[in-house]
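*Asks:* The structure follows.
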Amino acid sequence: MRIDILTLFPEVCRAPLSESMMKRAQECGALELHIHNLRDWTTDKHHVVDDAPFGGGQGMVMKPEPIFAAVESLRKENSRVVLMTPQGRTLTQTLAGEFSAQQHLIIISGHYEGVDHRVHEHLADAEISIGDYVLTNGAIAAVVFVDAVARLLPGVLGHERSAADDSFSEGLLEGPHYTRPAEFRGWNVPEILLSGNHAAIAAWRKEQALQRTRENRPDLLRGDSSSLSS
Ligand code: ADE
């Protein structure tokens with residue numbers, strides 16, 4: 001999969017997407033990532049990317065021209081253009097899975113008060129929010145989105161770890177994990193995990209997953225969460 005990120009802050013995206021699993025995703029060829037500075041598509045001397053809102057109001061709005069120019073220079077027939085915005089559909093594991101099946105994503109990360117609405121209306125194929133809160137920098141949202149999508153690409157997690165075990169993959173949060181030492185400050189690892197009885201361990205994990213979901217995310221069990229809908 002190829003992903004192009006358009007942002008005013010390439011450095012904000014670069015570090016988190018060049019470490020660990022995202023590094024591996026690129027090294028193994030699953031992900032071809034390009035991070036661009038939107039200012040490169042400005043045509044004026046001062047590389048202006050924002051302006052005051054028509055009708056008045058606080059803050060600045062990102063101008064449409066560099067965003068359209070950037071997307072139009074990168075877009076191919078199979079590209080999907082994703083605008084990161086708090087007004088978008090909330091990102092879920094299901095949605096991340098759907099996007100991971102695409103061949104090419106062009107991600108626009110907003111900044112300031114937002115982007116000119118003509119970008120929403122006439123350029124973006126999807127508007128995605130990473131949650132019901134507002135960040136100052138949409139590049140952070142783009143990083144979250146890319147990480148969630150790219151880790152689902154074949155070969156990225158490796159054979160030792162499957163996305164099928166993730167929280168949300170079966171509509172539940174994941175159960176607890178423990179490692180050595182078996183006793184730490186008097187707190188013992190649950191006996192069953194040391195038993196070697198794999199069927200019993202699997203049943204225990206399922207029950208624990210249910211319990212954690214009941215405690216922390218009862219909305220998932222009621223099926224009324226937007227987190228699992230697509
Ligand atoms: N930009 C600012 N806040 C955001 C959010 N919650 N999701 C996506 N983009 C954003």
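Following the order of the structure tokens, first chain is A, next is B, and so on, with residues numbered from 1 inside each chain and ligands from 1 in the order they appear.
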Which protein, DNA or RNA residues have an atom within 7 Å of ligand 1, counting only C-alpha atoms and all ligand atoms, as a list in words?

*Replies:*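 So, counting only C-alpha atoms and all ligand atoms, the residues near ligand 1 are Met84, Thr85, Pro86, Ser109, Gly110, His111, Ile128, Ser129, Ile130, Gly131, Asp132, Tyr133, Val134, Leu135, Thr136, Asn137, Gly138 and Ala141 of chain A.
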
*Asks:* What are the DSSP strand (DSSP E or B) residues of segment 10-191 of chain A, as a ChimeraX atom specification?

*Replies:* /A:32-37,50-51,61-62,79-90,104-109,111,115,126-129,137,183-184,187-188

*Asks:* If I take atom CA of His36 of chain A and atom CA of Ala142 of chain A, how far is one from the other in Å, to one decimal?

*Replies:* 12.3 Å

*Asks:* May I ask which of the residues A:Leu194, A:Gly59, A:Glu174, A:Val189 is the closest one to Glu207 of chain A, counting only C-alpha atoms?

*Replies:*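 The answer is A:Glu174, which sits nearest to Glu207 of chain A.
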
*Asks:* For Ala25 of chain A, find every residue with an atom within 9 Å (counting only C-alpha atoms), except residues of its own chain fewer than 3 positions away, and show them as a list in words.

*Replies:*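 Returned residues: Ser20, Met21, Met22, Cys28, Gly29, Ala30, Leu31, Glu32, Ala150, Arg151, Leu153, Gly155, Val156 and Leu157 of chain A.
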
*Asks:* Restricting the calculation to only C-alpha atoms: of A:Leu220, A:Met1, A:Trp187, A:Val61, which residue gets closest to Ala101 of chain A?

*Replies:*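 The shortest atom-to-atom distance to Ala101 of chain A comes from A:Met1.
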
*Asks:* Rounded to one decimal in Å, what is the spacing between atom CA of Ile107 of chain A and atom CA of Ala124 of chain A?

*Replies:*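 Result for atom CA of Ile107 of chain A versus atom CA of Ala124 of chain A: 9.0 Å, one decimal.
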
*Asks:* Can you tell me how far atom CA of Ile201 of chain A sits from atom CA of Arg222 of chain A, in Å to one decimal?

*Replies:*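 Result for atom CA of Ile201 of chain A versus atom CA of Arg222 of chain A: 25.9 Å, one decimal.
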
*Asks:* With only C-alpha atoms as the counted atoms, please give the residues lying no more than 12 Å from Asn78 of chain A, apart from itself and same-chain residues fewer than 5 positions off, as a list in words.

*Replies:*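 The residues satisfying every condition are Met1, Arg2, Ile3, Ala101, Gln102, Gln103, His104, Leu105, Ile106 and Asp125 of chain A.
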
*Asks:* Could the residues of segment 100-215 of chain A that have an atom at most 10 Å from segment 37-52 of chain A be listed as CSV, each with its closest atom pair and the distance in Å to one decimal, counting only C-alpha atoms and ordered by chain and ascending residue number?

*Replies:*
residue,atom,partner,partner_atom,distance
A:Ile108,CA,A:Leu38,CA,9.1
A:Ser109,CA,A:Leu38,CA,9.7
A:His111,CA,A:Asp50,CA,9.3
A:Tyr112,CA,A:Asp50,CA,8.2
A:Glu113,CA,A:Ala52,CA,9.7
A:Gly114,CA,A:Asp50,CA,9.6
A:Val115,CA,A:Asp50,CA,8.6
A:Asp116,CA,A:Asp50,CA,9.2

*Asks:* With N, CA, C and O atoms retained, could you export that selection as a compact mmCIF listing (two decimals), in the first residue's frame?

*Replies:*
# COMPACT_ATOMS: atom_id res chain seq x y z
N ILE A 108 -4.96 14.10 4.14
CA ILE A 108 -4.82 15.54 4.35
C ILE A 108 -4.99 15.79 5.84
O ILE A 108 -6.03 15.44 6.41
N SER A 109 -3.97 16.37 6.48
CA SER A 109 -4.15 16.68 7.90
C SER A 109 -4.38 18.18 8.03
O SER A 109 -3.59 18.99 7.52
N HIS A 111 -5.18 21.86 10.04
CA HIS A 111 -4.55 22.61 11.13
C HIS A 111 -5.34 23.90 11.28
O HIS A 111 -6.27 24.15 10.53
N TYR A 112 -4.97 24.72 12.23
CA TYR A 112 -5.69 25.96 12.53
C TYR A 112 -7.16 25.63 12.82
O TYR A 112 -7.45 24.59 13.39
N GLU A 113 -8.08 26.49 12.37
CA GLU A 113 -9.49 26.24 12.68
C GLU A 113 -10.08 25.15 11.80
O GLU A 113 -11.18 24.68 12.03
N GLY A 114 -9.34 24.77 10.77
CA GLY A 114 -9.86 23.75 9.87
C GLY A 114 -9.46 24.07 8.45
O GLY A 114 -8.65 24.97 8.21
N VAL A 115 -10.03 23.33 7.50
CA VAL A 115 -9.70 23.57 6.10
C VAL A 115 -10.92 24.12 5.38
O VAL A 115 -12.06 23.87 5.78
N ASP A 116 -10.69 24.86 4.34
CA ASP A 116 -11.77 25.41 3.53
C ASP A 116 -12.75 24.28 3.17
O ASP A 116 -12.34 23.19 2.76

*Asks:* A:Glu215, A:Glu77, A:Asp165, A:Asp147: which is nearest Ser18 of chain A, counting only C-alpha atoms?

*Replies:*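 For Ser18 of chain A, the nearest of the candidates is A:Asp147.
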
*Asks:* Run DSSP on the backbone and give me the residues of segment 77-226 of chain A it puts in helix (DSSP H, G or I), as number ranges by chain.

*Replies:* A: 93-100, 117-122, 138-150, 163-165, 191-194, 198-216, 218-222

*Asks:* Looking at only C-alpha atoms, which of A:Asn188, A:Lys23, A:Gly175, A:Asn216 is the one that sits closest to Ala203 of chain A?

*Replies:* A:Gly175

*Asks:* Go through A:His122, A:Arg205, A:Ile192, A:Gly171 and flag the residue nearest Ile67 of chain A, using only C-alpha atoms for the distances.

*Replies:* A:His122
